[in-house]
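Structure file run-v5.txt (compact mmCIF, C-alpha atoms and all ligand atoms) is printed below.
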```
# COMPACT_ATOMS: atom_id res chain seq x y z
CA MET A 1 -101.72 147.32 -16.70
CA LYS A 2 -102.15 143.82 -15.34
CA ASP A 3 -100.56 141.10 -17.43
CA ASN A 4 -98.36 143.39 -19.53
CA PHE A 5 -95.31 141.63 -20.94
CA THR A 6 -92.01 142.13 -19.12
CA GLU A 7 -88.98 143.22 -21.20
CA ASP A 8 -87.68 139.63 -21.11
CA GLU A 9 -91.00 138.24 -22.27
CA LYS A 10 -91.11 140.77 -25.12
CA ARG A 11 -87.61 139.77 -26.17
CA GLY A 12 -88.67 136.12 -26.20
CA PHE A 13 -91.69 136.90 -28.33
CA TYR A 14 -89.68 138.83 -30.93
CA LYS A 15 -86.96 136.18 -30.88
CA ALA A 16 -89.53 133.57 -31.92
CA ILE A 17 -90.75 135.81 -34.75
CA TYR A 18 -87.38 136.80 -36.15
CA SER A 19 -85.67 133.43 -35.79
CA ARG A 20 -88.55 131.34 -37.16
CA ARG A 21 -87.58 129.64 -40.41
CA ASP A 22 -89.14 127.37 -42.94
CA VAL A 23 -87.05 124.23 -42.42
CA ARG A 24 -86.61 121.44 -44.96
CA SER A 25 -83.33 119.91 -43.79
CA HIS A 26 -81.22 119.68 -40.62
CA PHE A 27 -83.80 117.39 -38.97
CA THR A 28 -82.25 115.28 -36.20
CA SER A 29 -83.34 111.82 -35.08
CA LYS A 30 -84.63 113.10 -31.72
CA PRO A 31 -88.35 112.34 -31.47
CA ILE A 32 -90.80 115.09 -30.51
CA GLU A 33 -92.00 114.48 -26.96
CA ASP A 34 -95.78 114.04 -26.68
CA GLU A 35 -95.96 116.91 -24.20
CA VAL A 36 -94.19 119.28 -26.59
CA LEU A 37 -96.36 118.21 -29.51
CA SER A 38 -99.42 118.74 -27.37
CA LYS A 39 -98.21 122.23 -26.38
CA ILE A 40 -97.72 123.20 -30.03
CA LEU A 41 -101.20 121.96 -30.96
CA HIS A 42 -102.72 123.86 -28.04
CA ALA A 43 -100.97 127.02 -29.25
CA ALA A 44 -102.44 126.51 -32.72
CA HIS A 45 -105.90 125.94 -31.27
CA HIS A 46 -105.73 129.29 -29.44
CA ALA A 47 -105.51 131.28 -32.67
CA PRO A 48 -108.16 133.85 -33.54
CA SER A 49 -110.95 132.68 -35.84
CA VAL A 50 -113.81 134.41 -37.60
CA GLY A 51 -116.92 134.30 -35.40
CA PHE A 52 -114.93 131.97 -33.07
CA SER A 53 -115.68 129.24 -35.60
CA GLN A 54 -112.36 127.37 -35.00
CA PRO A 55 -112.67 125.85 -38.47
CA TRP A 56 -109.40 123.90 -38.26
CA ASN A 57 -108.53 120.25 -37.74
CA PHE A 58 -105.03 118.87 -37.30
CA ILE A 59 -104.21 115.44 -38.74
CA LEU A 60 -101.02 113.99 -37.24
CA ILE A 61 -99.17 111.63 -39.56
CA LYS A 62 -96.24 109.32 -38.95
CA ASP A 63 -97.20 106.30 -41.05
CA ILE A 64 -94.35 105.76 -43.51
CA GLY A 65 -96.70 104.44 -46.20
CA THR A 66 -98.74 107.67 -46.13
CA LYS A 67 -95.59 109.79 -46.08
CA LYS A 68 -94.21 108.01 -49.15
CA LYS A 69 -97.42 108.63 -51.08
CA ILE A 70 -97.33 112.34 -50.19
CA LYS A 71 -93.64 112.52 -51.14
CA LYS A 72 -94.47 110.99 -54.54
CA SER A 73 -97.11 113.69 -55.05
CA PHE A 74 -94.50 116.32 -54.18
CA GLU A 75 -92.08 114.90 -56.76
CA ASP A 76 -94.76 114.82 -59.46
CA GLU A 77 -95.92 118.36 -58.71
CA LYS A 78 -92.38 119.74 -58.54
CA LYS A 79 -91.63 118.29 -61.98
CA ARG A 80 -94.91 119.62 -63.37
CA SER A 81 -94.42 123.12 -61.95
CA SER A 82 -90.84 123.31 -63.22
CA GLN A 83 -92.30 123.44 -66.74
CA LEU A 84 -93.80 126.82 -65.87
CA VAL A 85 -90.40 128.51 -65.61
CA GLU A 86 -87.64 128.96 -68.19
CA GLU A 87 -83.98 128.05 -67.88
CA PRO A 88 -81.75 128.94 -66.08
CA LYS A 89 -84.35 129.42 -63.34
CA ARG A 90 -85.82 125.97 -63.97
CA SER A 91 -82.59 124.15 -63.05
CA LYS A 92 -82.13 126.36 -60.03
CA TYR A 93 -85.70 125.66 -58.87
CA LEU A 94 -85.21 121.92 -59.39
CA SER A 95 -82.01 122.01 -57.32
CA PHE A 96 -83.76 123.43 -54.24
CA LYS A 97 -84.67 121.18 -51.30
CA LEU A 98 -88.33 122.08 -50.80
CA GLU A 99 -89.66 119.48 -48.37
CA GLY A 100 -88.65 117.23 -45.50
CA ILE A 101 -91.52 114.75 -45.61
CA LEU A 102 -89.56 111.57 -44.91
CA GLU A 103 -86.81 113.06 -42.74
CA SER A 104 -89.13 114.75 -40.26
CA PRO A 105 -90.67 112.53 -37.56
CA VAL A 106 -94.10 114.17 -37.65
CA ASN A 107 -96.14 115.36 -40.62
CA LEU A 108 -99.24 117.39 -39.96
CA CYS A 109 -102.05 118.33 -42.28
CA VAL A 110 -104.07 121.37 -41.22
CA THR A 111 -107.53 121.46 -42.75
CA TYR A 112 -110.42 123.91 -43.12
CA ASP A 113 -113.97 122.80 -42.42
CA PRO A 114 -116.42 125.52 -43.58
CA SER A 115 -119.37 123.60 -42.13
CA LYS A 116 -118.25 123.91 -38.49
CA PHE A 117 -120.78 125.92 -36.47
CA GLY A 118 -122.27 126.94 -39.84
CA PRO A 119 -123.83 127.93 -42.04
CA PHE A 120 -124.07 131.32 -40.25
CA VAL A 121 -120.72 132.38 -38.83
CA ILE A 122 -120.36 135.93 -37.49
CA GLY A 123 -118.11 137.88 -39.85
CA ARG A 124 -117.96 135.32 -42.65
CA SER A 125 -121.02 136.28 -44.65
CA SER A 126 -119.33 139.12 -46.54
CA ILE A 127 -115.86 137.66 -46.86
CA PRO A 128 -116.12 133.86 -47.08
CA GLU A 129 -112.32 133.57 -47.21
CA ALA A 130 -112.22 134.72 -43.57
CA GLY A 131 -112.60 131.04 -42.64
CA LEU A 132 -109.42 130.13 -44.50
CA TYR A 133 -107.62 133.15 -43.04
CA SER A 134 -108.46 131.80 -39.58
CA VAL A 135 -106.79 128.49 -40.37
CA CYS A 136 -103.68 130.40 -41.49
CA CYS A 137 -103.64 132.20 -38.11
CA ALA A 138 -103.61 128.79 -36.41
CA ILE A 139 -100.75 127.67 -38.62
CA GLN A 140 -98.70 130.74 -37.74
CA ASN A 141 -99.30 130.12 -34.02
CA LEU A 142 -98.19 126.56 -34.53
CA TRP A 143 -95.07 127.67 -36.44
CA LEU A 144 -93.99 130.16 -33.76
CA SER A 145 -94.70 127.72 -30.94
CA ALA A 146 -92.64 125.04 -32.71
CA ARG A 147 -89.75 127.49 -33.10
CA THR A 148 -89.95 128.38 -29.42
CA GLU A 149 -89.65 124.67 -28.59
CA GLY A 150 -86.63 124.27 -30.92
CA ILE A 151 -88.66 122.37 -33.49
CA GLY A 152 -88.29 123.09 -37.18
CA LEU A 153 -91.35 123.29 -39.39
CA GLY A 154 -91.52 123.22 -43.16
CA TRP A 155 -94.66 123.99 -45.14
CA VAL A 156 -95.05 121.88 -48.29
CA SER A 157 -97.46 123.34 -50.81
CA ILE A 158 -96.01 121.62 -53.88
CA LEU A 159 -98.61 118.89 -53.58
CA SER A 160 -101.85 117.76 -55.13
CA ASN A 161 -104.78 118.49 -52.84
CA GLU A 162 -106.56 115.55 -54.45
CA THR A 163 -103.78 113.22 -53.27
CA LEU A 164 -104.05 114.67 -49.77
CA LYS A 165 -107.83 114.31 -49.73
CA GLU A 166 -107.67 110.73 -50.93
CA ASN A 167 -104.90 109.51 -48.63
CA LEU A 168 -106.12 111.30 -45.52
CA GLU A 169 -109.74 110.39 -46.27
CA LEU A 170 -110.98 113.97 -46.03
CA PRO A 171 -114.71 114.53 -46.57
CA GLU A 172 -115.50 116.35 -49.82
CA HIS A 173 -116.24 119.70 -48.11
CA VAL A 174 -113.00 119.77 -46.08
CA VAL A 175 -110.07 121.69 -47.60
CA PRO A 176 -106.44 120.76 -46.92
CA VAL A 177 -104.74 124.09 -46.17
CA ALA A 178 -101.23 123.11 -45.13
CA TYR A 179 -99.02 120.06 -45.13
CA LEU A 180 -96.32 120.58 -42.51
CA CYS A 181 -93.17 118.66 -41.62
CA LEU A 182 -92.02 118.92 -38.01
CA GLY A 183 -88.97 117.78 -36.11
CA TYR A 184 -86.08 118.87 -33.95
CA VAL A 185 -83.31 120.42 -36.02
CA ASP A 186 -79.64 121.12 -35.39
CA ASP A 187 -79.79 124.54 -37.02
CA PHE A 188 -82.16 127.40 -37.79
CA ALA A 189 -80.71 129.41 -40.67
CA GLU A 190 -80.31 133.12 -40.11
CA LYS A 191 -82.06 133.99 -43.36
CA PRO A 192 -84.70 132.29 -45.53
CA ASP A 193 -83.07 129.62 -47.73
CA LEU A 194 -84.52 131.28 -50.83
CA GLU A 195 -82.86 134.57 -49.86
CA THR A 196 -79.50 132.87 -49.27
CA ALA A 197 -79.79 131.09 -52.63
CA GLY A 198 -80.34 134.45 -54.35
CA TRP A 199 -83.83 133.48 -55.57
CA LEU A 200 -85.54 136.54 -54.07
CA PRO A 201 -84.49 139.26 -51.63
CA ARG A 202 -86.44 140.40 -48.60
CA LEU A 203 -88.27 143.57 -49.64
CA GLU A 204 -87.62 146.71 -47.67
CA LEU A 205 -90.38 147.57 -45.22
CA LYS A 206 -90.62 151.11 -46.59
CA ASP A 207 -91.57 149.70 -50.00
CA VAL A 208 -94.54 147.77 -48.67
CA VAL A 209 -96.05 150.36 -46.31
CA TYR A 210 -98.40 152.98 -47.73
CA PHE A 211 -100.03 155.91 -45.96
CA GLU A 212 -103.76 156.55 -46.24
CA LYS A 213 -104.05 155.40 -49.87
CA TRP A 214 -102.64 152.70 -52.13
CA ASN A 215 -99.12 153.48 -53.32
CA GLU A 216 -98.71 156.63 -51.17
CA HIS A 217 -95.21 156.36 -49.78
CA GLU A 218 -95.01 159.85 -48.29
CA ASN A 219 -97.41 161.62 -45.96
CA GLU A 220 -96.77 164.57 -43.66
CA ASN A 221 -99.08 163.21 -40.96
CA TRP A 222 -97.05 160.01 -40.68
CA LYS A 223 -93.56 161.58 -40.86
CA SER A 224 -92.09 160.13 -37.68
CA VAL A 225 -93.05 156.50 -38.25
CA GLN A 226 -92.21 156.92 -41.92
CA ASN A 227 -88.63 157.84 -40.99
CA MET A 228 -88.33 154.90 -38.63
CA ILE A 229 -89.60 152.52 -41.28
CA LYS A 230 -87.04 153.91 -43.72
CA GLU A 231 -84.21 153.25 -41.29
CA ASN A 232 -84.99 149.53 -41.53
CA LEU A 233 -84.42 149.02 -37.83
CA ASN A 234 -83.94 145.44 -36.83
CA TYR A 235 -85.89 144.63 -33.70
CA ALA A 236 -84.61 141.05 -33.56
C1 LIG B 301 -98.32 129.17 -47.81
C2 LIG B 301 -96.88 128.77 -47.85
C3 LIG B 301 -96.48 127.72 -48.66
C4 LIG B 301 -95.15 127.33 -48.71
N1 LIG B 301 -94.77 126.26 -49.48
C5 LIG B 301 -93.49 125.83 -49.46
C6 LIG B 301 -93.07 124.65 -50.18
O1 LIG B 301 -93.84 123.98 -50.84
N2 LIG B 301 -91.78 124.27 -50.10
C7 LIG B 301 -90.87 124.99 -49.37
O2 LIG B 301 -89.70 124.60 -49.33
N3 LIG B 301 -91.23 126.11 -48.68
C8 LIG B 301 -92.51 126.51 -48.70
N4 LIG B 301 -92.88 127.63 -47.97
C9 LIG B 301 -91.87 128.35 -47.20
C10 LIG B 301 -91.43 129.65 -47.86
O3 LIG B 301 -90.61 129.38 -48.96
C11 LIG B 301 -90.69 130.47 -46.80
O4 LIG B 301 -91.60 130.81 -45.79
C12 LIG B 301 -90.09 131.75 -47.36
O5 LIG B 301 -89.09 131.43 -48.30
C13 LIG B 301 -89.48 132.63 -46.26
O6 LIG B 301 -88.59 131.88 -45.48
P1 LIG B 301 -88.74 131.70 -43.91
O7 LIG B 301 -90.07 131.04 -43.66
O8 LIG B 301 -87.58 130.84 -43.49
O9 LIG B 301 -88.70 133.07 -43.30
C14 LIG B 301 -94.20 128.03 -47.93
C15 LIG B 301 -94.61 129.08 -47.09
C16 LIG B 301 -95.94 129.44 -47.04
C17 LIG B 301 -96.35 130.56 -46.12
```
Would you put the structure from the file into structure tokens?
Ligand SMILES: Cc1cc2nc3c(=O)[nH]c(=O)nc-3n(C[C@H](O)[C@H](O)[C@H](O)COP(=O)(O)O)c2cc1C
Amino acid sequence: MKDNFTEDEKRGFYKAIYSRRDVRSHFTSKPIEDEVLSKILHAAHHAPSVGFSQPWNFILIKDIGTKKKIKKSFEDEKKRSSQLVEEPKRSKYLSFKLEGILESPVNLCVTYDPSKFGPFVIGRSSIPEAGLYSVCCAIQNLWLSARTEGIGLGWVSILSNETLKENLELPEHVVPVAYLCLGYVDDFAEKPDLETAGWLPRLELKDVVYFEKWNEHENENWKSVQNMIKENLNYA
């Protein structure tokens, strides 16, 4: 078929997926070239969206004053959320580096605007959340594109949305979905930091795949793929 991926192209695609990391440290001082930043934003903008509504906006931030205000919100929220967990987990949680707001050259807020092309959007009338899901697709495109360009990206969700709305002057109906920190890095860890720190393990694929019905782990009609899933093959 025309336009099928070559073996090399497939390898590149899977490399981006398996070597993508959430990055909060290891940022270098190298600035992101405008052309690269533009490429990453184009990749995000080519994500799928419910009814082709493209409900995202991307706010690029480098103003140090804004960054400091967002960082303060992170610190407040991290302290507040630490009260939700008991020791010894609390101290462990507090010791984690969970953002790179000031160290990364570019911060980026991705927002959801439900009013775009609305109110009738094909496919959104039964599941309103489909709009938000679309924004998450754009974020994943952005994340993989950044990784392909050697740029680390860290998602910071330990933040007050009210602080974001106020400082970025978002209209009332616009929802901040992600606050991202981007920059070149000198290392992409092999595993998620939270896995390395022993916070949580990666689940086995066989434990999250069901056949035909919820919680059905075994099914004669799916035997072959079931065995492959059990083997935990690494396609990286
Ligand atoms: C919606 C979302 C919110 C996240 N929020 C944070 C955050 O506030 N701070 C942080 O350090 N990592 C955050 N992460 C990153 C996850 O911790 C990370 O994706 C996970 O541990 C797996 O690691 P990996 O992305 O390197 O594979 C977030 C990820 C997602 C998808």
List the neighbours of Ala138 (chain A) out to 10 Å using only C-alpha atoms; skip same-chain residues closer than 3 positions along the sequence, and give me the result as a PyMOL selection string. chain A and resi 41-49+54-57+110+133-135+141-143
Within 9 Å of Glu149 (chain A), counting only C-alpha atoms, which residues qualify if same-chain residues fewer than 6 places away don't, as a PyMOL selection string? chain A and resi 36+40+184
Go through the chains and note each residue within 7 Å of ligand LIG 301 (chain B), using all atoms listed in the file, then give the set as a PyMOL selection string. chain A and resi 20-24+97-99+154-158+191-194
Restrict the selected residues to C-alpha atoms and save them as a short mmCIF file (atom, residue, chain, number, x, y, z; two decimals), keeping the file's coordinate frame.
```cif
data_model
loop_
_atom_site.label_atom_id
_atom_site.label_comp_id
_atom_site.auth_asym_id
_atom_site.auth_seq_id
_atom_site.Cartn_x
_atom_site.Cartn_y
_atom_site.Cartn_z
CA ARG A 20 -88.55 131.34 -37.16
CA ARG A 21 -87.58 129.64 -40.41
CA ASP A 22 -89.14 127.37 -42.94
CA VAL A 23 -87.05 124.23 -42.42
CA ARG A 24 -86.61 121.44 -44.96
CA LYS A 97 -84.67 121.18 -51.30
CA LEU A 98 -88.33 122.08 -50.80
CA GLU A 99 -89.66 119.48 -48.37
CA GLY A 154 -91.52 123.22 -43.16
CA TRP A 155 -94.66 123.99 -45.14
CA VAL A 156 -95.05 121.88 -48.29
CA SER A 157 -97.46 123.34 -50.81
CA ILE A 158 -96.01 121.62 -53.88
CA LYS A 191 -82.06 133.99 -43.36
CA PRO A 192 -84.70 132.29 -45.53
CA ASP A 193 -83.07 129.62 -47.73
CA LEU A 194 -84.52 131.28 -50.83
#
```
Which is closest to Tyr93 (chain A) among A:Trp199, A:Leu132, A:Glu77, A:Asn107, if we use all atoms listed in the file? A:Trp199
Option closest in space to Ala189 (chain A), from A:Lys79, A:Arg147, A:Lys71, A:Arg11 [counting all atoms listed in the file]: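 Closest to Ala189 (chain A) of all the choices is A:Arg147.
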Could you tell me which of A:Asp113, A:Asp63, A:Asp186, A:Asp34 comes closest to Gly150 (chain A) if we count all atoms listed in the file?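 Answer, going by the shortest atom-to-atom distance: A:Asp186.
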Contacts of Pro171 (chain A) at 12 Å (only C-alpha atoms; same-chain gap of 5+ positions) as a compact mmCIF listing (two decimals) with C-alpha atoms, in the coordinates of the input:
```txt
# COMPACT_ATOMS: atom_id res chain seq x y z
CA THR A 111 -107.53 121.46 -42.75
CA TYR A 112 -110.42 123.91 -43.12
CA ASP A 113 -113.97 122.80 -42.42
CA PRO A 114 -116.42 125.52 -43.58
CA SER A 115 -119.37 123.60 -42.13
CA GLU A 162 -106.56 115.55 -54.45
CA LEU A 164 -104.05 114.67 -49.77
CA LYS A 165 -107.83 114.31 -49.73
CA GLU A 166 -107.67 110.73 -50.93
CA PRO A 176 -106.44 120.76 -46.92
```
Quote the spacing between CA of Gly152 (chain A) and CA of Arg202 (chain A) in Å to one decimal place.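 Those two atoms sit 20.8 Å apart.
Here CA of Glu231 (chain A) and CA of Asp207 (chain A) stand 11.9 Å from one another.
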CA of Ser53 (chain A) and CA of Ile17 (chain A), how far apart in Å? 25.8 Å
Enumerate, as number ranges by chain, the protein, DNA and RNA residues whose atoms approach (-97.2, 152.0, -44.4) to within 12 Å, taking into account all atoms listed in the file and the coordinate frame of the file. A: 204-219, 221-230
If you take every atom of region 167-177 of chain A that the file lists and fit an axis-aligned box around them with 6 Å extra on each side, what centre and edge lengths come out in Å to one decimal, as JSON?
```
{"center_x": -110.5, "center_y": 116.8, "center_z": -47.7, "size_x": 23.5, "size_y": 26.6, "size_z": 16.3}
```
So, counting only C-alpha atoms, which residue among A:Leu159, A:Met1, A:Val185, A:Ile59 is closest to Glu75 (chain A)?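 With only C-alpha atoms as the atom set, the closest residue is A:Leu159.
In terms of minimum interatomic distance to Tyr18 (chain A), A:Thr148 ranks closest within A:Phe120, A:Thr148, A:Glu35, A:Ser95, counting all atoms listed in the file.
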Point out the residue among A:Leu37, A:Ile32, A:Val106, A:Ile61 with the least atom-to-atom distance to Asn167 (chain A), counting only C-alpha atoms.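 Of A:Leu37, A:Ile32, A:Val106, A:Ile61, the one nearest Asn167 (chain A), counting only C-alpha atoms, is A:Ile61.
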Contacts of region 122-129 of chain A at 6 Å or less, counting only C-alpha atoms, minus same-chain residues fewer than 2 places along, as JSON, numbers by chain? {"A": [50, 51, 131, 132]}
Is it possible to add N, CA and C atoms to region 143-175 of chain A and hand it back as a short mmCIF file (atom, residue, chain, number, x, y, z; two decimals), in the frame of the given file?
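The resulting file, result-v2.cif, is reproduced below:
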```
data_model
loop_
_atom_site.label_atom_id
_atom_site.label_comp_id
_atom_site.auth_asym_id
_atom_site.auth_seq_id
_atom_site.Cartn_x
_atom_site.Cartn_y
_atom_site.Cartn_z
N TRP A 143 -96.44 127.48 -35.92
CA TRP A 143 -95.07 127.67 -36.44
C TRP A 143 -94.20 128.36 -35.38
N LEU A 144 -94.76 129.41 -34.77
CA LEU A 144 -93.99 130.16 -33.76
C LEU A 144 -93.80 129.33 -32.50
N SER A 145 -94.82 128.57 -32.12
CA SER A 145 -94.70 127.72 -30.94
C SER A 145 -93.64 126.65 -31.19
N ALA A 146 -93.65 126.06 -32.37
CA ALA A 146 -92.64 125.04 -32.71
C ALA A 146 -91.24 125.66 -32.60
N ARG A 147 -91.07 126.84 -33.16
CA ARG A 147 -89.75 127.49 -33.10
C ARG A 147 -89.31 127.72 -31.66
N THR A 148 -90.26 128.12 -30.83
CA THR A 148 -89.95 128.38 -29.42
C THR A 148 -89.49 127.09 -28.73
N GLU A 149 -90.02 125.96 -29.18
CA GLU A 149 -89.65 124.67 -28.59
C GLU A 149 -88.42 124.05 -29.27
N GLY A 150 -87.82 124.79 -30.22
CA GLY A 150 -86.63 124.27 -30.92
C GLY A 150 -86.96 123.28 -32.03
N ILE A 151 -88.21 123.30 -32.45
CA ILE A 151 -88.66 122.37 -33.49
C ILE A 151 -88.81 123.09 -34.83
N GLY A 152 -88.19 122.51 -35.85
CA GLY A 152 -88.29 123.09 -37.18
C GLY A 152 -89.59 122.68 -37.84
N LEU A 153 -90.10 123.57 -38.67
CA LEU A 153 -91.35 123.29 -39.39
C LEU A 153 -91.18 123.73 -40.84
N GLY A 154 -91.55 122.87 -41.74
CA GLY A 154 -91.52 123.22 -43.16
C GLY A 154 -92.89 123.02 -43.77
N TRP A 155 -93.33 124.02 -44.49
CA TRP A 155 -94.66 123.99 -45.14
C TRP A 155 -94.47 123.49 -46.56
N VAL A 156 -95.17 122.43 -46.93
CA VAL A 156 -95.05 121.88 -48.29
C VAL A 156 -96.35 122.15 -49.05
N SER A 157 -96.25 123.05 -50.03
CA SER A 157 -97.46 123.34 -50.81
C SER A 157 -97.32 122.84 -52.24
N ILE A 158 -96.19 122.18 -52.54
CA ILE A 158 -96.01 121.62 -53.88
C ILE A 158 -96.59 120.21 -53.82
N LEU A 159 -97.89 120.15 -53.79
CA LEU A 159 -98.61 118.89 -53.58
C LEU A 159 -99.96 118.95 -54.28
N SER A 160 -100.49 117.78 -54.58
CA SER A 160 -101.85 117.76 -55.13
C SER A 160 -102.84 117.63 -53.98
N ASN A 161 -103.76 118.56 -53.89
CA ASN A 161 -104.78 118.49 -52.84
C ASN A 161 -105.63 117.23 -52.99
N GLU A 162 -105.78 116.78 -54.23
CA GLU A 162 -106.56 115.55 -54.45
C GLU A 162 -105.87 114.37 -53.78
N THR A 163 -104.55 114.30 -53.91
CA THR A 163 -103.78 113.22 -53.27
C THR A 163 -103.95 113.29 -51.76
N LEU A 164 -103.89 114.51 -51.22
CA LEU A 164 -104.05 114.67 -49.77
C LEU A 164 -105.43 114.19 -49.36
N LYS A 165 -106.45 114.64 -50.10
CA LYS A 165 -107.83 114.31 -49.73
C LYS A 165 -108.05 112.79 -49.73
N GLU A 166 -107.48 112.18 -50.77
CA GLU A 166 -107.67 110.73 -50.93
C GLU A 166 -106.95 109.96 -49.81
N ASN A 167 -105.69 110.29 -49.59
CA ASN A 167 -104.90 109.51 -48.63
C ASN A 167 -105.27 109.77 -47.19
N LEU A 168 -105.75 110.97 -46.91
CA LEU A 168 -106.12 111.30 -45.52
C LEU A 168 -107.62 111.12 -45.30
N GLU A 169 -108.30 110.68 -46.34
CA GLU A 169 -109.74 110.39 -46.27
C GLU A 169 -110.55 111.60 -45.79
N LEU A 170 -110.25 112.75 -46.39
CA LEU A 170 -110.98 113.97 -46.03
C LEU A 170 -112.36 113.93 -46.66
N PRO A 171 -113.38 114.39 -45.93
CA PRO A 171 -114.71 114.53 -46.57
C PRO A 171 -114.62 115.57 -47.69
N GLU A 172 -115.55 115.49 -48.63
CA GLU A 172 -115.50 116.35 -49.82
C GLU A 172 -115.42 117.84 -49.48
N HIS A 173 -116.16 118.25 -48.40
CA HIS A 173 -116.24 119.70 -48.11
C HIS A 173 -115.04 120.22 -47.31
N VAL A 174 -114.14 119.34 -46.91
CA VAL A 174 -113.00 119.77 -46.08
C VAL A 174 -111.80 120.07 -46.98
N VAL A 175 -111.16 121.23 -46.74
CA VAL A 175 -110.07 121.69 -47.60
C VAL A 175 -108.73 121.50 -46.88
#
```
